[in-house]
Amino acid sequence: MAELHPIIRTDVLVVGAGPAGLAAAIEAARLGVRTLLIDDKKSPGGQLVKQTHMFFGSKNERAGVRGIDIAVELGRELEAVGCSFMAETMAIGVFDDGTVTALHRDSQIVRIIPRTMVVATGAFENMLLFPGCDLPGVYGAGGFQTLMNLDGVLPGTNVLMVGAGNIGLIVAYQLMQAGGRVAAVVEAMPRTGGYSVHASKIRRMGVPLHLAHTVKAVHGADRVNAATIVRLEQGKEVPGSAFTLAVDSVCLSVGLSPLAELCSMAGCRMDFVPALGGYVPYHDENMMTSNDRIFIAGDVSGIEEASIAMVEGTIAGCSAAARILGWNVEQRLGEHKRQLETLRGGPYGKKARQGKSELWGIELEDEPALEYAPASDLPQAVQRFTSGKRLVIECYDRIPCNPCEEACRQGAIRIGPDITSVPELDADKCTACGVCMMRCPGLAIFMVNMDYAADMAEVTIPFEQCPLPQKGETWTALDRQGAVLGPALVTRVVSATAFDRKHLVSFSVPKQQAHDARHIVPAPPSPRLIEATPQLLDTDPIICRCEDVRLSAIEKVIDQGYRSYDEIRRITRAGMGPCQGKTCQRLILQILSRKLGVPMDSLQPSTVRPPLKPVPFDVLAAASMEDANEY
Amino acid sequence: MRIERHPILTFDRGCRVRFTFDGRELEAFSHETVAAALLANGVPVLRHSVGELRPRGFFCGIGRCASCSMIVNGIPDVRACVTLVEEGMVVETQHGLGSIHG
């Protein structure tokens, strides 16, 4: 294996080749400064490489293109602008003089000396604490998605999804695309956190969505075989509400935390902003941290959508390059900042708007609270027309997205410059061509033909499941909640390259079902297995997976008078294992905050020190010899 | 279970390889990680934890959490979720901390 030169100098170093880092590297290199992008994976793309769904947003953010294809496009742009990319290289330390140490292929330490740096290291998944949370078969949703969409391996075929944010809803849908079954989705909040179009997609496929419910325990000897779910009221378990589902896997999608270790290590000011996901490096609108040579972009600056990460990346890349070139950055970034404002509009952007206002100490103008329900709960919105062939757009909750308007050549769909507006259809202009149905990332546009036959209507739906129905087959029609309506005769299946792996499937149903039928399945679904709730043998969950520290041990030392995370760490060893507290630190801080009755931001997280991941001694030893020769 | 048909993706699994897991010969594909290959073969338990020797499996999938540390070709603490499986690889369940003397 070829060794790299142990010392690498560059103008801009970008750490992390996800959507934010790629955008930053492309922008910096385009502005003519020497740019090096590093990532611990073999190829660039970050989380994009497993995002099989079409992105939301506008044309500027590549809306309507699948994440996996955006990764390829950005990879090509990276090459075109002449940016160097170093794969399998993980930044493991940053030092006072700005030098970054990186571990290359787990076998060599390289020192990178950049003039400015963009940290785009993304986020890591939050853990949830319950008895059995460490059993094989409990996965982070991201890990599950990696197995499913990169390795092509389905680790479970009957899965409980915990969390109904966009990631939970999307992974649940992708699980069904991969041939698995989702036993249920539970969400502790009384509403879904993700786009209602994502919730509607899985509900009409028959997935029960239990709001104000959470997982209480997972059962099994050496692997998951069941999960107990309880209802919550004001965050408390409702007595007698427990039920147990037979499942072989539990997927956790309960939020992300910014992965800001490098910034913390570099001494950047860190602020605790819950609306942004926890501790984030303070940054200004140009994505500069409190260190004027370190910039950030993407989830590390606050948990948001990938489309926003890309825009932030462009801003950070431009700022990092401008710092070297001595340019005034303000006039170059106006357009991108307006783009961010648009993407953060509407109810879904409110959290981020709040978070950034808090960070910048500005008052947020009072806006109406987030009020929406999954489209499937909005029957009043359904237009029950009795004749004609019409498009039905079931997109009600102001998602920042406009590919349907872009796609319509007749100008029949109107959204306008504020892309968080709800699409309006001008039925007189619509020719029912169906192009918008293919382009809608939310699969939220349908066609209903009430004039199909004397007592039968024809419904057309966008379809991206296996198997694909064939004309003449009889399938089963489901309504928006996934309830069986009855048989549906497949009348037409239209596929085309331009449809990008979506198909338009038409089927006929009795006219009275036309405004309810929104999905078809090959056969009526079998009932979901509900089991008797097993007695809990183990009520004390493992909080630190690396060192096997249980919740009771943490509570005990707090009762004994230990008051800080660092003390708890030393006395229990929680957070001292190979993961360096990534899984347990947040949980322990929450327990401390609850038990002591103090706010989270008054509690000190641990000091981050290099190396950020375990490095073999022989690799470290070899590096120190190289250093000796250099000086 | 390997995904045989998918509406969006096709999988380039590489070529067939054989490896052993705790003495059992198993089949995998060269582009699979050790953890993915074992899960595809229905093996969810990859190690037993450091303190209480509790069963542990694939968790974070990005080589950070150590839940999948295994003994590979005699070397302990190899993260099965980020290590590609190879022809003739000897993979063993790790019990507790690894030992450099096997």
# chains A, B, ... in the order shown; residues from 1 in each chain; ligands from 1

$ closest_atom_pairs --of "chain B" --to "chain A" --cutoff "8 Å" --atoms "only C-alpha atoms" --output "tab-separated table"
residue	atom	partner	partner_atom	distance
B:Met1	CA	A:Leu154	CA	5.3
B:Arg2	CA	A:Val153	CA	4.4
B:Ile3	CA	A:Gly152	CA	5.3
B:Arg5	CA	A:Cys466	CA	7.1
B:His6	CA	A:Ala178	CA	5.6
B:Pro7	CA	A:Gln465	CA	5.4
B:Ile8	CA	A:Arg501	CA	6.0
B:Leu9	CA	A:Asn149	CA	7.5
B:Phe11	CA	A:Gly152	CA	6.2
B:Arg13	CA	A:Asp151	CA	7.6
B:His31	CA	A:Asp151	CA	7.8
B:Glu32	CA	A:Asp151	CA	6.1
B:Thr33	CA	A:Asp151	CA	7.7
B:Ala36	CA	A:Val153	CA	6.4
B:Leu39	CA	A:Pro155	CA	5.9
B:Ala40	CA	A:Val153	CA	6.0
B:Pro44	CA	A:Pro136	CA	5.9
B:Val45	CA	A:Pro136	CA	6.1
B:Ser49	CA	A:Asp548	CA	7.1
B:Val50	CA	A:Glu547	CA	6.1
B:Gly51	CA	A:Asp548	CA	5.3
B:Glu52	CA	A:Asp548	CA	6.6
B:Pro55	CA	A:Asp222	CA	5.7
B:Arg56	CA	A:Pro136	CA	5.0
B:Gly57	CA	A:Pro136	CA	4.3
B:Phe58	CA	A:Pro136	CA	6.7
B:Phe59	CA	A:Tyr139	CA	5.0
B:Cys60	CA	A:Gly143	CA	5.1
B:Gly61	CA	A:Gly143	CA	4.6
B:Ile62	CA	A:Gly143	CA	7.3
B:Arg64	CA	A:Cys579	CA	5.4
B:Cys65	CA	A:Cys579	CA	4.7
B:Ala66	CA	A:Pro578	CA	6.3
B:Ser67	CA	A:Cys546	CA	7.4

$ select_by_dssp --residues "chain B" --states "strand (DSSP E)" --output "NGL selection string"
:B and (16-21 or 24-29 or 47-48 or 55-56 or 69-72 or 75-79 or 90-92 or 94-95)

$ residues_around --residues "A:Arg353" --least-positions-apart "6" --cutoff "9 Å" --atoms "only C-alpha atoms" --output "ChimeraX atom specification"
/A:275,341,344-345,364

$ residues_around --residues "stretch 70-79 of chain B" --least-positions-apart "6" --cutoff "7 Å" --atoms "only C-alpha atoms" --output "NGL selection string"
:B and (46-47 or 63 or 89-94 or 98-99 or 102)

$ atom_distance --atom1 "atom CA of A:Arg439" --atom2 "atom CA of A:Ser58"
11.6 Å

$ residues_around --residues "A:Val159" --least-positions-apart "4" --cutoff "9 Å" --atoms "only C-alpha atoms" --output "PyMOL selection string"
chain A and resi 172+175+180-185+246-251

$ select_by_dssp --residues "chain B" --states "alpha helix (DSSP H)" --output "NGL selection string"
:B and (34-40)

$ decode --residues "stretch 441-471 of chain A" --atoms "N, CA, C and O atoms" --output "PDB file, in the first residue's frame"
ATOM      1  N   PRO A 441     -41.404  14.637  -5.213  1.00  0.00           N
ATOM      2  CA  PRO A 441     -40.589  13.792  -4.343  1.00  0.00           C
ATOM      3  C   PRO A 441     -41.407  13.135  -3.234  1.00  0.00           C
ATOM      4  O   PRO A 441     -40.998  12.124  -2.685  1.00  0.00           O
ATOM      5  N   GLY A 442     -42.561  13.715  -2.916  1.00  0.00           N
ATOM      6  CA  GLY A 442     -43.375  13.193  -1.817  1.00  0.00           C
ATOM      7  C   GLY A 442     -44.374  12.146  -2.248  1.00  0.00           C
ATOM      8  O   GLY A 442     -45.132  11.639  -1.428  1.00  0.00           O
ATOM      9  N   LEU A 443     -44.388  11.809  -3.534  1.00  0.00           N
ATOM     10  CA  LEU A 443     -45.371  10.866  -4.092  1.00  0.00           C
ATOM     11  C   LEU A 443     -46.783  11.246  -3.631  1.00  0.00           C
ATOM     12  O   LEU A 443     -47.559  10.428  -3.158  1.00  0.00           O
ATOM     13  N   ALA A 444     -47.088  12.530  -3.772  1.00  0.00           N
ATOM     14  CA  ALA A 444     -48.325  13.059  -3.196  1.00  0.00           C
ATOM     15  C   ALA A 444     -49.320  13.516  -4.263  1.00  0.00           C
ATOM     16  O   ALA A 444     -50.301  14.168  -3.944  1.00  0.00           O
ATOM     17  N   ILE A 445     -49.037  13.202  -5.534  1.00  0.00           N
ATOM     18  CA  ILE A 445     -49.972  13.624  -6.580  1.00  0.00           C
ATOM     19  C   ILE A 445     -50.601  12.384  -7.234  1.00  0.00           C
ATOM     20  O   ILE A 445     -49.899  11.436  -7.601  1.00  0.00           O
ATOM     21  N   PHE A 446     -51.915  12.414  -7.336  1.00  0.00           N
ATOM     22  CA  PHE A 446     -52.670  11.278  -7.860  1.00  0.00           C
ATOM     23  C   PHE A 446     -53.595  11.773  -8.972  1.00  0.00           C
ATOM     24  O   PHE A 446     -53.793  12.977  -9.133  1.00  0.00           O
ATOM     25  N   MET A 447     -54.166  10.821  -9.709  1.00  0.00           N
ATOM     26  CA  MET A 447     -55.128  11.198 -10.736  1.00  0.00           C
ATOM     27  C   MET A 447     -56.368  10.337 -10.538  1.00  0.00           C
ATOM     28  O   MET A 447     -56.269   9.136 -10.304  1.00  0.00           O
ATOM     29  N   VAL A 448     -57.525  10.977 -10.617  1.00  0.00           N
ATOM     30  CA  VAL A 448     -58.775  10.232 -10.464  1.00  0.00           C
ATOM     31  C   VAL A 448     -59.646  10.523 -11.675  1.00  0.00           C
ATOM     32  O   VAL A 448     -59.891  11.677 -12.018  1.00  0.00           O
ATOM     33  N   ASN A 449     -60.083   9.445 -12.352  1.00  0.00           N
ATOM     34  CA  ASN A 449     -60.952   9.581 -13.522  1.00  0.00           C
ATOM     35  C   ASN A 449     -62.322   9.000 -13.172  1.00  0.00           C
ATOM     36  O   ASN A 449     -62.502   7.779 -13.132  1.00  0.00           O
ATOM     37  N   MET A 450     -63.269   9.903 -12.894  1.00  0.00           N
ATOM     38  CA  MET A 450     -64.602   9.450 -12.495  1.00  0.00           C
ATOM     39  C   MET A 450     -65.436   9.023 -13.705  1.00  0.00           C
ATOM     40  O   MET A 450     -66.506   8.436 -13.542  1.00  0.00           O
ATOM     41  N   ASP A 451     -64.962   9.318 -14.926  1.00  0.00           N
ATOM     42  CA  ASP A 451     -65.726   8.964 -16.130  1.00  0.00           C
ATOM     43  C   ASP A 451     -65.240   7.649 -16.742  1.00  0.00           C
ATOM     44  O   ASP A 451     -65.539   7.336 -17.886  1.00  0.00           O
ATOM     45  N   TYR A 452     -64.483   6.867 -15.995  1.00  0.00           N
ATOM     46  CA  TYR A 452     -63.842   5.667 -16.557  1.00  0.00           C
ATOM     47  C   TYR A 452     -64.869   4.660 -17.071  1.00  0.00           C
ATOM     48  O   TYR A 452     -64.748   4.142 -18.178  1.00  0.00           O
ATOM     49  N   ALA A 453     -65.872   4.356 -16.289  1.00  0.00           N
ATOM     50  CA  ALA A 453     -66.926   3.418 -16.700  1.00  0.00           C
ATOM     51  C   ALA A 453     -68.187   3.769 -15.915  1.00  0.00           C
ATOM     52  O   ALA A 453     -68.154   4.646 -15.043  1.00  0.00           O
ATOM     53  N   ALA A 454     -69.244   3.073 -16.196  1.00  0.00           N
ATOM     54  CA  ALA A 454     -70.543   3.414 -15.606  1.00  0.00           C
ATOM     55  C   ALA A 454     -70.460   3.539 -14.079  1.00  0.00           C
ATOM     56  O   ALA A 454     -70.821   4.559 -13.510  1.00  0.00           O
ATOM     57  N   ASP A 455     -69.959   2.495 -13.424  1.00  0.00           N
ATOM     58  CA  ASP A 455     -69.897   2.588 -11.961  1.00  0.00           C
ATOM     59  C   ASP A 455     -68.485   2.417 -11.423  1.00  0.00           C
ATOM     60  O   ASP A 455     -68.275   2.229 -10.237  1.00  0.00           O
ATOM     61  N   MET A 456     -67.504   2.449 -12.341  1.00  0.00           N
ATOM     62  CA  MET A 456     -66.119   2.287 -11.909  1.00  0.00           C
ATOM     63  C   MET A 456     -65.312   3.556 -12.212  1.00  0.00           C
ATOM     64  O   MET A 456     -65.508   4.210 -13.228  1.00  0.00           O
ATOM     65  N   ALA A 457     -64.424   3.871 -11.322  1.00  0.00           N
ATOM     66  CA  ALA A 457     -63.494   4.991 -11.534  1.00  0.00           C
ATOM     67  C   ALA A 457     -62.087   4.430 -11.694  1.00  0.00           C
ATOM     68  O   ALA A 457     -61.807   3.302 -11.273  1.00  0.00           O
ATOM     69  N   GLU A 458     -61.218   5.220 -12.328  1.00  0.00           N
ATOM     70  CA  GLU A 458     -59.825   4.795 -12.461  1.00  0.00           C
ATOM     71  C   GLU A 458     -58.947   5.743 -11.639  1.00  0.00           C
ATOM     72  O   GLU A 458     -59.075   6.970 -11.738  1.00  0.00           O
ATOM     73  N   VAL A 459     -58.103   5.139 -10.796  1.00  0.00           N
ATOM     74  CA  VAL A 459     -57.190   5.918  -9.961  1.00  0.00           C
ATOM     75  C   VAL A 459     -55.769   5.638 -10.442  1.00  0.00           C
ATOM     76  O   VAL A 459     -55.416   4.489 -10.712  1.00  0.00           O
ATOM     77  N   THR A 460     -54.969   6.684 -10.576  1.00  0.00           N
ATOM     78  CA  THR A 460     -53.566   6.508 -10.978  1.00  0.00           C
ATOM     79  C   THR A 460     -52.669   6.997  -9.849  1.00  0.00           C
ATOM     80  O   THR A 460     -52.870   8.093  -9.323  1.00  0.00           O
ATOM     81  N   ILE A 461     -51.708   6.147  -9.480  1.00  0.00           N
ATOM     82  CA  ILE A 461     -50.810   6.482  -8.366  1.00  0.00           C
ATOM     83  C   ILE A 461     -49.347   6.354  -8.813  1.00  0.00           C
ATOM     84  O   ILE A 461     -49.031   5.540  -9.675  1.00  0.00           O
ATOM     85  N   PRO A 462     -48.454   7.168  -8.218  1.00  0.00           N
ATOM     86  CA  PRO A 462     -47.026   6.934  -8.449  1.00  0.00           C
ATOM     87  C   PRO A 462     -46.619   5.693  -7.649  1.00  0.00           C
ATOM     88  O   PRO A 462     -47.102   5.486  -6.542  1.00  0.00           O
ATOM     89  N   PHE A 463     -45.729   4.874  -8.209  1.00  0.00           N
ATOM     90  CA  PHE A 463     -45.455   3.576  -7.599  1.00  0.00           C
ATOM     91  C   PHE A 463     -43.967   3.279  -7.672  1.00  0.00           C
ATOM     92  O   PHE A 463     -43.359   3.374  -8.737  1.00  0.00           O
ATOM     93  N   GLU A 464     -43.349   2.913  -6.554  1.00  0.00           N
ATOM     94  CA  GLU A 464     -41.937   2.499  -6.588  1.00  0.00           C
ATOM     95  C   GLU A 464     -41.689   1.370  -5.588  1.00  0.00           C
ATOM     96  O   GLU A 464     -40.890   1.500  -4.673  1.00  0.00           O
ATOM     97  N   GLN A 465     -42.433   0.283  -5.764  1.00  0.00           N
ATOM     98  CA  GLN A 465     -42.266  -0.901  -4.926  1.00  0.00           C
ATOM     99  C   GLN A 465     -42.034  -2.118  -5.823  1.00  0.00           C
ATOM    100  O   GLN A 465     -42.306  -2.080  -7.014  1.00  0.00           O
ATOM    101  N   CYS A 466     -41.583  -3.207  -5.203  1.00  0.00           N
ATOM    102  CA  CYS A 466     -41.500  -4.501  -5.881  1.00  0.00           C
ATOM    103  C   CYS A 466     -42.550  -5.409  -5.262  1.00  0.00           C
ATOM    104  O   CYS A 466     -42.702  -5.374  -4.040  1.00  0.00           O
ATOM    105  N   PRO A 467     -43.232  -6.249  -6.016  1.00  0.00           N
ATOM    106  CA  PRO A 467     -43.188  -6.320  -7.478  1.00  0.00           C
ATOM    107  C   PRO A 467     -44.022  -5.206  -8.095  1.00  0.00           C
ATOM    108  O   PRO A 467     -44.844  -4.591  -7.424  1.00  0.00           O
ATOM    109  N   LEU A 468     -43.793  -4.997  -9.386  1.00  0.00           N
ATOM    110  CA  LEU A 468     -44.565  -4.017 -10.140  1.00  0.00           C
ATOM    111  C   LEU A 468     -45.835  -4.708 -10.652  1.00  0.00           C
ATOM    112  O   LEU A 468     -45.764  -5.804 -11.192  1.00  0.00           O
ATOM    113  N   PRO A 469     -46.999  -4.103 -10.462  1.00  0.00           N
ATOM    114  CA  PRO A 469     -48.226  -4.750 -10.961  1.00  0.00           C
ATOM    115  C   PRO A 469     -48.207  -4.840 -12.498  1.00  0.00           C
ATOM    116  O   PRO A 469     -47.534  -4.055 -13.154  1.00  0.00           O
ATOM    117  N   GLN A 470     -48.929  -5.813 -13.021  1.00  0.00           N
ATOM    118  CA  GLN A 470     -49.057  -5.939 -14.478  1.00  0.00           C
ATOM    119  C   GLN A 470     -50.509  -5.696 -14.861  1.00  0.00           C
ATOM    120  O   GLN A 470     -51.425  -6.052 -14.114  1.00  0.00           O
ATOM    121  N   LYS A 471     -50.693  -5.131 -16.030  1.00  0.00           N
ATOM    122  CA  LYS A 471     -52.036  -4.854 -16.526  1.00  0.00           C
ATOM    123  C   LYS A 471     -52.865  -6.147 -16.522  1.00  0.00           C
ATOM    124  O   LYS A 471     -52.377  -7.200 -16.938  1.00  0.00           O
TER     125      LYS A 471
END
